[in-house]
$ cat start_39.cif   # mmCIF, C-alpha atoms
data_input
loop_
_atom_site.label_atom_id
_atom_site.label_comp_id
_atom_site.auth_asym_id
_atom_site.auth_seq_id
_atom_site.Cartn_x
_atom_site.Cartn_y
_atom_site.Cartn_z
CA MET A 186 -27.30 7.47 -2.59
CA ARG A 187 -26.17 7.48 -6.23
CA THR A 188 -24.46 4.49 -7.79
CA ILE A 189 -21.68 4.50 -10.40
CA LYS A 190 -20.59 1.31 -12.11
CA ALA A 191 -16.93 0.41 -11.85
CA ALA A 192 -16.91 -0.11 -15.63
CA ALA A 193 -17.77 3.56 -16.11
CA VAL A 194 -14.76 4.53 -14.00
CA THR A 195 -12.50 2.28 -16.07
CA GLU A 196 -13.73 3.77 -19.33
CA ALA A 197 -13.32 7.33 -18.04
CA VAL A 198 -9.78 6.75 -16.77
CA SER A 199 -8.74 5.10 -20.04
CA ASN A 200 -10.12 7.97 -22.13
CA LEU A 201 -8.54 10.60 -19.88
CA PHE A 202 -5.03 9.14 -20.06
CA ASN A 203 -5.23 8.86 -23.83
CA GLN A 204 -6.43 12.47 -24.16
CA ALA A 205 -3.80 13.75 -21.73
CA ASN A 206 -0.94 12.00 -23.52
CA TYR A 207 -1.97 13.20 -26.99
CA THR A 208 -3.18 16.78 -26.47
CA LEU A 209 -2.19 19.74 -24.33
CA GLY A 210 -4.95 21.70 -22.62
CA GLU A 211 -5.98 25.08 -24.00
CA ASP A 212 -4.65 26.75 -20.83
CA VAL A 213 -1.19 25.25 -21.37
CA LEU A 214 -1.15 26.22 -25.05
CA ALA A 215 -2.21 29.77 -24.17
CA ALA A 216 0.55 29.99 -21.54
CA LEU A 217 3.14 28.78 -24.08
CA ASP A 218 1.93 31.30 -26.66
CA LYS A 219 2.27 34.05 -24.05
CA ALA A 220 5.75 32.80 -23.15
CA ARG A 221 6.72 32.89 -26.83
CA ARG A 222 5.71 36.55 -27.07
CA GLU A 223 7.54 37.52 -23.88
CA GLU A 224 10.74 35.52 -24.37
CA GLU A 225 13.63 37.78 -25.40
CA SER A 226 16.21 35.08 -26.16
CA PRO A 227 16.26 33.92 -29.82
CA LEU A 228 17.21 30.40 -28.73
CA GLY A 229 14.47 30.47 -26.12
CA ARG A 230 11.87 31.51 -28.68
CA GLU A 231 13.06 28.78 -31.04
CA ALA A 232 12.71 26.19 -28.27
CA ILE A 233 9.12 27.28 -27.58
CA ASP A 234 8.37 27.14 -31.33
CA VAL A 235 9.51 23.51 -31.35
CA ILE A 236 7.40 22.76 -28.25
CA LEU A 237 4.30 24.24 -29.89
CA GLU A 238 4.94 22.39 -33.16
CA ASN A 239 5.37 19.16 -31.21
CA ALA A 240 1.99 19.74 -29.56
CA ARG A 241 0.36 20.36 -32.94
CA VAL A 242 1.78 17.18 -34.48
CA ALA A 243 0.91 15.06 -31.42
CA ALA A 244 -2.73 16.17 -31.49
CA ALA A 245 -3.08 15.82 -35.25
CA GLU A 246 -1.46 12.41 -35.55
CA LYS A 247 -2.55 10.97 -32.17
CA VAL A 248 0.97 10.27 -30.99
CA PRO A 249 2.28 10.95 -27.48
CA LEU A 250 3.44 14.46 -26.68
CA CYS A 251 6.50 12.95 -25.00
CA GLN A 252 8.17 9.56 -25.19
CA ASP A 253 7.86 9.46 -21.39
CA CYS A 254 4.17 8.78 -20.85
CA GLY A 255 4.70 9.01 -17.14
CA THR A 256 3.59 7.50 -13.89
CA ALA A 257 -0.21 7.32 -13.86
CA VAL A 258 -1.19 9.74 -11.09
CA VAL A 259 -4.91 9.93 -10.31
CA PHE A 260 -6.80 12.31 -8.01
CA LEU A 261 -10.28 11.16 -6.95
CA GLU A 262 -12.83 13.47 -5.33
CA ILE A 263 -15.47 11.03 -4.12
CA GLY A 264 -18.86 12.40 -3.17
CA GLN A 265 -19.99 11.05 0.18
CA ASP A 266 -23.31 10.09 -1.42
CA VAL A 267 -21.69 8.01 -4.19
CA HIS A 268 -21.47 4.23 -4.16
CA VAL A 269 -19.33 2.41 -6.69
CA VAL A 270 -20.92 -0.90 -7.67
CA GLU A 271 -19.95 -4.00 -9.63
CA GLY A 272 -16.29 -3.75 -8.75
CA ASP A 273 -13.62 -2.15 -6.60
CA LEU A 274 -12.92 1.54 -7.25
CA TYR A 275 -9.11 1.27 -7.24
CA ASP A 276 -9.22 -1.88 -9.38
CA ALA A 277 -11.39 0.02 -11.85
CA VAL A 278 -8.89 2.88 -11.98
CA ASN A 279 -5.98 0.51 -12.59
CA GLU A 280 -7.88 -1.30 -15.31
CA GLY A 281 -8.44 2.05 -17.01
CA VAL A 282 -4.71 2.77 -16.85
CA ARG A 283 -3.95 -0.69 -18.21
CA ARG A 284 -6.26 -0.23 -21.20
CA ALA A 285 -5.03 3.26 -22.00
CA TYR A 286 -1.36 2.33 -22.01
CA GLN A 287 -1.82 -0.94 -23.89
CA GLU A 288 -4.42 0.12 -26.46
CA GLY A 289 -3.02 3.63 -26.89
CA TYR A 290 0.54 2.39 -27.44
CA LEU A 291 1.80 4.55 -24.58
CA ARG A 292 5.17 3.79 -23.02
CA LYS A 293 4.95 1.64 -19.91
CA SER A 294 7.36 2.90 -17.28
CA MET A 295 6.48 1.28 -13.95
CA VAL A 296 8.85 -1.23 -12.33
CA ALA A 297 7.57 -3.58 -9.64
CA ARG A 298 10.71 -3.78 -7.47
CA PRO A 299 12.30 -0.33 -7.52
CA PHE A 300 15.29 -1.27 -5.34
CA SER A 301 16.15 -4.69 -6.82
CA ASP A 302 15.39 -6.29 -10.21
CA ARG A 303 13.30 -3.33 -11.53
CA LYS A 304 11.18 -5.55 -13.78
CA ASN A 305 8.63 -3.58 -15.79
CA THR A 306 5.01 -4.32 -14.84
CA GLY A 307 4.14 -4.24 -18.55
CA ASP A 308 1.00 -2.10 -18.37
CA ASN A 309 2.00 1.03 -16.40
CA THR A 310 0.10 -0.08 -13.31
CA PRO A 311 -0.26 0.41 -10.46
CA ALA A 312 -1.50 3.97 -10.57
CA VAL A 313 -0.62 6.40 -7.78
CA ILE A 314 -4.05 7.29 -6.42
CA HIS A 315 -4.96 10.15 -4.07
CA SER A 316 -8.54 10.16 -2.73
CA ASP A 317 -10.63 12.77 -0.95
CA ILE A 318 -14.18 12.41 0.35
CA VAL A 319 -16.23 15.50 -0.52
CA PRO A 320 -19.89 16.52 -0.23
CA GLY A 321 -22.28 15.53 -3.01
CA ASP A 322 -23.09 12.58 -5.25
CA ARG A 323 -20.47 12.92 -7.97
CA LEU A 324 -17.07 11.38 -8.63
CA LYS A 325 -14.41 13.70 -10.06
CA ILE A 326 -11.44 12.00 -11.69
CA THR A 327 -8.28 13.93 -12.57
CA VAL A 328 -5.34 12.19 -14.22
CA ILE A 329 -1.72 13.32 -14.58
CA PRO A 330 0.78 11.35 -16.64
CA LYS A 331 3.83 12.50 -14.63
CA GLY A 332 7.13 12.26 -16.47
CA GLY A 333 10.24 11.09 -14.64
CA GLY A 334 12.52 13.97 -15.59
CA ALA A 335 10.36 16.52 -13.83
CA GLU A 336 9.27 14.24 -10.98
CA ASN A 337 12.88 13.46 -10.11
CA MET A 338 13.40 17.16 -9.39
CA ALA A 339 10.78 17.21 -6.58
CA ARG A 340 12.07 18.52 -3.28
CA LEU A 341 10.89 18.54 0.34
CA GLY A 342 12.22 20.92 2.97
CA MET A 343 11.34 20.75 6.65
CA LEU A 344 12.22 24.36 7.42
CA LEU A 345 12.39 25.98 10.82
CA PRO A 346 9.43 28.29 11.48
CA ALA A 347 11.85 31.22 11.80
CA SER A 348 12.70 30.78 8.10
CA GLY A 349 9.35 32.42 7.32
CA ARG A 350 8.28 33.66 3.92
CA LYS A 351 11.83 34.37 2.78
CA GLY A 352 12.86 30.83 3.62
CA VAL A 353 10.00 29.46 1.53
CA VAL A 354 10.87 31.66 -1.45
CA ASP A 355 14.56 30.79 -1.25
CA PHE A 356 13.85 27.06 -0.99
CA VAL A 357 11.60 27.02 -4.07
CA VAL A 358 13.90 29.20 -6.19
CA ASN A 359 16.93 27.10 -5.20
CA ALA A 360 15.07 23.91 -6.12
CA VAL A 361 14.41 25.26 -9.61
CA SER A 362 17.98 26.51 -9.93
CA GLU A 363 19.41 23.12 -8.97
CA ALA A 364 17.05 21.34 -11.37
CA TRP A 365 18.16 23.62 -14.25
CA SER A 366 17.17 22.01 -17.57
CA ASN A 367 16.34 18.54 -16.19
CA PRO A 368 12.57 19.11 -15.84
CA CYS A 369 12.30 20.45 -19.43
CA PRO A 370 11.40 24.11 -18.83
CA PRO A 371 9.40 26.23 -19.10
CA VAL A 372 7.93 24.50 -16.08
CA ILE A 373 4.90 24.84 -13.86
CA ILE A 374 5.93 24.95 -10.22
CA GLY A 375 3.65 23.30 -7.68
CA VAL A 376 4.32 24.36 -4.09
CA GLY A 377 2.82 22.84 -0.95
CA ILE A 378 3.32 24.68 2.34
CA GLY A 379 2.32 23.39 5.76
CA GLY A 380 0.66 20.30 7.11
CA THR A 381 3.11 17.42 7.49
CA SER A 382 5.78 16.13 5.13
CA GLU A 383 3.41 13.93 3.11
CA LYS A 384 0.63 16.54 3.13
CA ALA A 385 2.97 19.17 1.69
CA MET A 386 4.11 16.81 -1.07
CA VAL A 387 0.56 15.93 -2.11
CA MET A 388 -0.44 19.60 -2.13
CA ALA A 389 2.51 20.43 -4.38
CA LYS A 390 1.42 17.72 -6.84
CA HIS A 391 -2.25 18.72 -6.65
CA ALA A 392 -1.35 22.36 -7.34
CA LEU A 393 -0.21 21.34 -10.82
CA ILE A 394 -3.77 20.59 -11.98
CA ARG A 395 -4.97 24.17 -11.50
CA LYS A 396 -5.59 26.16 -14.70
CA VAL A 397 -2.15 27.40 -15.68
CA GLY A 398 -1.44 30.86 -14.28
CA SER A 399 -4.72 31.24 -12.43
CA PRO A 400 -3.88 32.81 -9.07
CA SER A 401 -4.61 31.22 -5.74
CA PRO A 402 -7.92 32.43 -4.24
CA ASP A 403 -5.93 33.27 -1.10
CA LYS A 404 -4.31 36.68 -1.59
CA GLU A 405 -1.26 35.91 0.53
CA CYS A 406 -0.60 32.75 -1.51
CA ALA A 407 -1.26 34.62 -4.77
CA ASP A 408 1.29 37.28 -3.83
CA LEU A 409 3.79 34.56 -2.96
CA GLU A 410 3.22 32.92 -6.35
CA GLN A 411 4.07 36.14 -8.16
CA GLU A 412 7.21 36.75 -6.10
CA ILE A 413 8.52 33.24 -6.72
CA LEU A 414 7.68 33.41 -10.43
CA GLN A 415 9.57 36.66 -10.85
CA LYS A 416 12.65 35.33 -9.06
CA VAL A 417 12.61 32.03 -10.95
CA ASN A 418 12.37 33.83 -14.27
CA ASN A 419 15.36 35.95 -13.29
CA LEU A 420 17.53 32.82 -13.04
CA GLY A 421 18.24 32.90 -16.77
CA ILE A 422 17.65 29.17 -17.34
CA GLY A 423 15.08 29.78 -20.07
CA PRO A 424 13.17 27.33 -22.29
CA MET A 425 14.83 23.89 -22.29
CA GLY A 426 17.82 25.43 -20.50
CA TYR A 427 18.98 27.46 -23.51
CA GLY A 428 18.83 30.73 -21.59
CA GLY A 429 16.16 33.39 -21.47
CA ARG A 430 13.49 35.00 -19.35
CA ILE A 431 10.83 32.29 -19.28
CA THR A 432 11.95 29.44 -17.04
CA ALA A 433 8.49 28.96 -15.53
CA LEU A 434 5.01 29.48 -16.96
CA ALA A 435 3.39 29.70 -13.52
CA VAL A 436 3.73 29.05 -9.81
CA HIS A 437 0.80 27.44 -8.02
CA VAL A 438 0.80 27.43 -4.20
CA GLU A 439 -1.39 25.43 -1.83
CA SER A 440 -1.11 25.82 1.93
CA PHE A 441 -2.37 24.14 5.10
CA PRO A 442 -1.96 24.84 8.83
CA ALA A 443 1.21 23.40 10.38
CA HIS A 444 2.54 22.36 13.78
CA ILE A 445 4.08 25.14 15.89
CA THR A 446 7.54 23.60 15.39
CA ALA A 447 7.32 23.04 11.65
CA LEU A 448 7.34 24.73 8.25
CA PRO A 449 7.18 21.98 5.61
CA VAL A 450 7.73 23.16 2.02
CA ALA A 451 7.37 20.86 -0.98
CA VAL A 452 8.18 21.59 -4.61
CA ASN A 453 6.86 19.53 -7.52
CA LEU A 454 7.87 20.59 -11.02
CA GLN A 455 5.83 19.91 -14.15
CA CYS A 456 7.54 20.03 -17.53
CA HIS A 457 6.27 22.11 -20.45
CA SER A 458 4.27 19.05 -21.51
CA ALA A 459 1.84 19.76 -18.68
CA ARG A 460 -0.55 16.90 -19.27
CA HIS A 461 -3.69 16.43 -17.24
CA ARG A 462 -7.38 15.81 -17.86
CA GLU A 463 -10.46 15.57 -15.65
CA VAL A 464 -14.07 14.43 -15.78
CA VAL A 465 -17.00 14.36 -13.38
CA LEU A 466 -19.19 11.24 -13.30
#
$ encode --input "start_39.cif" --output "structure tokens"
Amino acid sequence: MRTIKAAAVTEAVSNLFNQANYTLGEDVLAALDKARREEESPLGREAIDVILENARVAAAEKVPLCQDCGTAVVFLEIGQDVHVVEGDLYDAVNEGVRRAYQEGYLRKSMVARPFSDRKNTGDNTPAVIHSDIVPGDRLKITVIPKGGGAENMARLGMLLPASGRKGVVDFVVNAVSEAWSNPCPPVIIGVGIGGTSEKAMVMAKHALIRKVGSPSPDKECADLEQEILQKVNNLGIGPMGYGGRITALAVHVESFPAHITALPVAVNLQCHSARHREVVL
């Protein structure tokens, strides 16, 4: 049994949210550079130029990439041989979020009563935490500051099994078409297929943390990713909705077995400011 102090979790979470809000990952920057080369629309290319310049300034001056510093989404992969000591794990995560958003001057966006007075919690807590128990004695922490514009375009479809592959493709492409410029394209499209309604939604969110454009290890899913990407980029939405070829940088699919009566499909869109960071303790 290996022990990890709760204070170490707090420090890691705080550092990760600051890094994620100030700097884009090398994979995202590379995908944007590639999109800039492939985009045929002058307005589309200009939009990507502005996106890349924004990323440069944010990293150099340590200012947020976007004024919307997002809901604090955290994925935890907890080794079964890990024991967190000197504090509660979830409390430690939330304290890390609190420190990052207060000390890093990041916008606090969480409201305590979403259907009534909507009073801001003042520190961007609570985080939305997803936990998995995995083999080993390590704790992997992945954070995603998830902006509201893209998150509001999430969709869940409980399709009939007879809808098949075509139904999945049509549902995802229609979701992007209906979203249009709201999620600040070029987007990354997370798709969860199978399981139950909540399982599909979590898979779609989790798919966003994969290295941008890296194909699924499952060939059938990888082929589906390419088909959806091609059809999405034929919509003509383009960077920031100004028109063009590059509406999406990548499609990432995760799948899970489903009930004989069900074909759940979830779509979670990530804006061009595809912020996430991870660390293993």
$ atom_distance --input "start_39.cif" --atom1 "CA of Ala392 in chain A" --atom2 "CA of Glu412 in chain A"
16.8 Å
$ resolve_selection --input "start_39.cif" --expression "the PyMOL selection byres ((chain A and resi 386) around 8)" --output "ChimeraX atom specification"
/A:341,377,382-385,387-390,450-453
$ resolve_selection --input "start_39.cif" --expression "the PyMOL selection byres ((chain A and resi 192-203) around 8)" --output "MDAnalysis selection string"
chainID A and resid 189:191 204:207 271:272 274 277:286 289 326 328:330 461:464
$ write_last_selection --input "start_39.cif" --atoms "C-alpha atoms" --output "PDB file, in the frame of the given file"
ATOM      1  CA  ILE A 189     -21.680   4.500 -10.400  1.00  0.00           C
ATOM      2  CA  LYS A 190     -20.590   1.310 -12.110  1.00  0.00           C
ATOM      3  CA  ALA A 191     -16.930   0.410 -11.850  1.00  0.00           C
ATOM      4  CA  GLN A 204      -6.430  12.470 -24.160  1.00  0.00           C
ATOM      5  CA  ALA A 205      -3.800  13.750 -21.730  1.00  0.00           C
ATOM      6  CA  ASN A 206      -0.940  12.000 -23.520  1.00  0.00           C
ATOM      7  CA  TYR A 207      -1.970  13.200 -26.990  1.00  0.00           C
ATOM      8  CA  GLU A 271     -19.950  -4.000  -9.630  1.00  0.00           C
ATOM      9  CA  GLY A 272     -16.290  -3.750  -8.750  1.00  0.00           C
ATOM     10  CA  LEU A 274     -12.920   1.540  -7.250  1.00  0.00           C
ATOM     11  CA  ALA A 277     -11.390   0.020 -11.850  1.00  0.00           C
ATOM     12  CA  VAL A 278      -8.890   2.880 -11.980  1.00  0.00           C
ATOM     13  CA  ASN A 279      -5.980   0.510 -12.590  1.00  0.00           C
ATOM     14  CA  GLU A 280      -7.880  -1.300 -15.310  1.00  0.00           C
ATOM     15  CA  GLY A 281      -8.440   2.050 -17.010  1.00  0.00           C
ATOM     16  CA  VAL A 282      -4.710   2.770 -16.850  1.00  0.00           C
ATOM     17  CA  ARG A 283      -3.950  -0.690 -18.210  1.00  0.00           C
ATOM     18  CA  ARG A 284      -6.260  -0.230 -21.200  1.00  0.00           C
ATOM     19  CA  ALA A 285      -5.030   3.260 -22.000  1.00  0.00           C
ATOM     20  CA  TYR A 286      -1.360   2.330 -22.010  1.00  0.00           C
ATOM     21  CA  GLY A 289      -3.020   3.630 -26.890  1.00  0.00           C
ATOM     22  CA  ILE A 326     -11.440  12.000 -11.690  1.00  0.00           C
ATOM     23  CA  VAL A 328      -5.340  12.190 -14.220  1.00  0.00           C
ATOM     24  CA  ILE A 329      -1.720  13.320 -14.580  1.00  0.00           C
ATOM     25  CA  PRO A 330       0.780  11.350 -16.640  1.00  0.00           C
ATOM     26  CA  HIS A 461      -3.690  16.430 -17.240  1.00  0.00           C
ATOM     27  CA  ARG A 462      -7.380  15.810 -17.860  1.00  0.00           C
ATOM     28  CA  GLU A 463     -10.460  15.570 -15.650  1.00  0.00           C
ATOM     29  CA  VAL A 464     -14.070  14.430 -15.780  1.00  0.00           C
TER      30      VAL A 464
END
$ residues_near_point --input "start_39.cif" --point "(10.7, 36.8, 0.5)" --cutoff "10 Å" --atoms "all atoms listed in the file" --output "VMD selection string"
chain A and resid 348 to 355 409 412 to 413 416
$ write_last_selection --input "start_39.cif" --atoms "C-alpha atoms" --output "PDB file, keeping the file's coordinate frame"
ATOM      1  CA  SER A 348      12.700  30.780   8.100  1.00  0.00           C
ATOM      2  CA  GLY A 349       9.350  32.420   7.320  1.00  0.00           C
ATOM      3  CA  ARG A 350       8.280  33.660   3.920  1.00  0.00           C
ATOM      4  CA  LYS A 351      11.830  34.370   2.780  1.00  0.00           C
ATOM      5  CA  GLY A 352      12.860  30.830   3.620  1.00  0.00           C
ATOM      6  CA  VAL A 353      10.000  29.460   1.530  1.00  0.00           C
ATOM      7  CA  VAL A 354      10.870  31.660  -1.450  1.00  0.00           C
ATOM      8  CA  ASP A 355      14.560  30.790  -1.250  1.00  0.00           C
ATOM      9  CA  LEU A 409       3.790  34.560  -2.960  1.00  0.00           C
ATOM     10  CA  GLU A 412       7.210  36.750  -6.100  1.00  0.00           C
ATOM     11  CA  ILE A 413       8.520  33.240  -6.720  1.00  0.00           C
ATOM     12  CA  LYS A 416      12.650  35.330  -9.060  1.00  0.00           C
TER      13      LYS A 416
END
$ residues_around --input "start_39.cif" --residues "range 247-258 of chain A" --least-positions-apart "6" --cutoff "8 Å" --atoms "all atoms listed in the file" --output "list of chain:residue names"
A:Asn206, A:Tyr207, A:Thr208, A:Asn239, A:Ala240, A:Val282, A:Leu291, A:Arg292, A:Lys293, A:Ser294, A:Met295, A:Asn309, A:Thr310, A:Pro311, A:Ala312, A:Val313, A:Ile314, A:His315, A:Val328, A:Ile329, A:Pro330, A:Lys331, A:Gly332, A:Gly333, A:Ser458
$ closest_residue --input "start_39.cif" --among "A:Arg395, A:Phe441, A:Pro424, A:Gln265" --to "Gly229 in chain A" --atoms "all atoms listed in the file"
A:Pro424
$ resolve_selection --input "start_39.cif" --expression "the PyMOL selection byres ((chain A and resi 428-436) around 7)" --output "list in words"
Ala216, Ala220, Glu224, Glu225, Ser226, Gly229, Pro370, Pro371, Val372, Ile373, Ile374, Gly375, Val397, Gly398, Glu410, Leu414, Val417, Asn418, Asn419, Gly421, Ile422, Gly423, Pro424, Gly426, Tyr427, His437 and Val438 of chain A
$ write_last_selection --input "start_39.cif" --atoms "C-alpha atoms" --output "mmCIF file, in the coordinates of the input"
data_model
loop_
_atom_site.group_PDB
_atom_site.id
_atom_site.type_symbol
_atom_site.label_atom_id
_atom_site.label_comp_id
_atom_site.auth_asym_id
_atom_site.auth_seq_id
_atom_site.Cartn_x
_atom_site.Cartn_y
_atom_site.Cartn_z
ATOM 1 C CA ALA A 216 0.550 29.990 -21.540
ATOM 2 C CA ALA A 220 5.750 32.800 -23.150
ATOM 3 C CA GLU A 224 10.740 35.520 -24.370
ATOM 4 C CA GLU A 225 13.630 37.780 -25.400
ATOM 5 C CA SER A 226 16.210 35.080 -26.160
ATOM 6 C CA GLY A 229 14.470 30.470 -26.120
ATOM 7 C CA PRO A 370 11.400 24.110 -18.830
ATOM 8 C CA PRO A 371 9.400 26.230 -19.100
ATOM 9 C CA VAL A 372 7.930 24.500 -16.080
ATOM 10 C CA ILE A 373 4.900 24.840 -13.860
ATOM 11 C CA ILE A 374 5.930 24.950 -10.220
ATOM 12 C CA GLY A 375 3.650 23.300 -7.680
ATOM 13 C CA VAL A 397 -2.150 27.400 -15.680
ATOM 14 C CA GLY A 398 -1.440 30.860 -14.280
ATOM 15 C CA GLU A 410 3.220 32.920 -6.350
ATOM 16 C CA LEU A 414 7.680 33.410 -10.430
ATOM 17 C CA VAL A 417 12.610 32.030 -10.950
ATOM 18 C CA ASN A 418 12.370 33.830 -14.270
ATOM 19 C CA ASN A 419 15.360 35.950 -13.290
ATOM 20 C CA GLY A 421 18.240 32.900 -16.770
ATOM 21 C CA ILE A 422 17.650 29.170 -17.340
ATOM 22 C CA GLY A 423 15.080 29.780 -20.070
ATOM 23 C CA PRO A 424 13.170 27.330 -22.290
ATOM 24 C CA GLY A 426 17.820 25.430 -20.500
ATOM 25 C CA TYR A 427 18.980 27.460 -23.510
ATOM 26 C CA HIS A 437 0.800 27.440 -8.020
ATOM 27 C CA VAL A 438 0.800 27.430 -4.200
#
$ residues_around --input "start_39.cif" --residues "Pro320 in chain A" --least-positions-apart "2" --cutoff "12 Å" --atoms "all atoms listed in the file" --output "list in words"
Met186, Glu262, Ile263, Gly264, Gln265, Asp266, Val267, Asp317, Ile318, Asp322, Arg323, Leu324 and Lys325 of chain A
$ atom_distance --input "start_39.cif" --atom1 "CA of Pro299 in chain A" --atom2 "CA of Pro368 in chain A"
21.1 Å
$ closest_residue --input "start_39.cif" --among "A:Asp308, A:Asp403, A:Asp302, A:Asp234" --to "Asp218 in chain A" --atoms "only C-alpha atoms"
A:Asp234
$ closest_residue --input "start_39.cif" --among "A:Met343, A:Val465, A:Val242, A:Val235" --to "Ala447 in chain A" --atoms "only C-alpha atoms"
A:Met343
$ atom_distance --input "start_39.cif" --atom1 "CA of Phe356 in chain A" --atom2 "CA of Ile445 in chain A"
19.6 Å
$ closest_residue --input "start_39.cif" --among "A:His444, A:Lys404, A:Lys396, A:Lys304" --to "Asp212 in chain A" --atoms "all atoms listed in the file"
A:Lys396
$ axis_aligned_box --input "start_39.cif" --around "range 437-448 of chain A" --padding-each-side "5 Å" --output "AutoDock Vina command-line options"
--center_x 2.6 --center_y 24.9 --center_z 3.9 --size_x 19.9 --size_y 15.1 --size_z 33.9
$ build_atoms --input "start_39.cif" --residues "range 322-333 of chain A" --atoms "N, CA and C atoms" --output "compact mmCIF listing (two decimals), in the coordinates of the input"
# COMPACT_ATOMS: atom_id res chain seq x y z
N ASP A 322 -22.87 13.92 -4.69
CA ASP A 322 -23.09 12.58 -5.25
C ASP A 322 -22.41 12.41 -6.60
N ARG A 323 -21.23 13.03 -6.72
CA ARG A 323 -20.47 12.92 -7.97
C ARG A 323 -19.08 12.38 -7.67
N LEU A 324 -18.45 11.86 -8.71
CA LEU A 324 -17.07 11.38 -8.63
C LEU A 324 -16.25 12.15 -9.65
N LYS A 325 -15.29 12.95 -9.18
CA LYS A 325 -14.41 13.70 -10.06
C LYS A 325 -13.09 12.95 -10.19
N ILE A 326 -12.68 12.72 -11.42
CA ILE A 326 -11.44 12.00 -11.69
C ILE A 326 -10.50 12.94 -12.44
N THR A 327 -9.31 13.13 -11.91
CA THR A 327 -8.28 13.93 -12.57
C THR A 327 -7.04 13.06 -12.74
N VAL A 328 -6.51 13.02 -13.96
CA VAL A 328 -5.34 12.19 -14.22
C VAL A 328 -4.16 13.07 -14.63
N ILE A 329 -2.97 12.65 -14.20
CA ILE A 329 -1.72 13.32 -14.58
C ILE A 329 -0.71 12.26 -14.99
N PRO A 330 -0.36 12.18 -16.26
CA PRO A 330 0.78 11.35 -16.64
C PRO A 330 2.07 12.11 -16.27
N LYS A 331 2.72 11.71 -15.20
CA LYS A 331 3.83 12.50 -14.63
C LYS A 331 5.17 11.94 -15.06
N GLY A 332 5.85 12.69 -15.93
CA GLY A 332 7.13 12.26 -16.47
C GLY A 332 8.23 12.21 -15.42
N GLY A 333 9.19 11.30 -15.62
CA GLY A 333 10.24 11.09 -14.64
C GLY A 333 11.23 12.23 -14.52
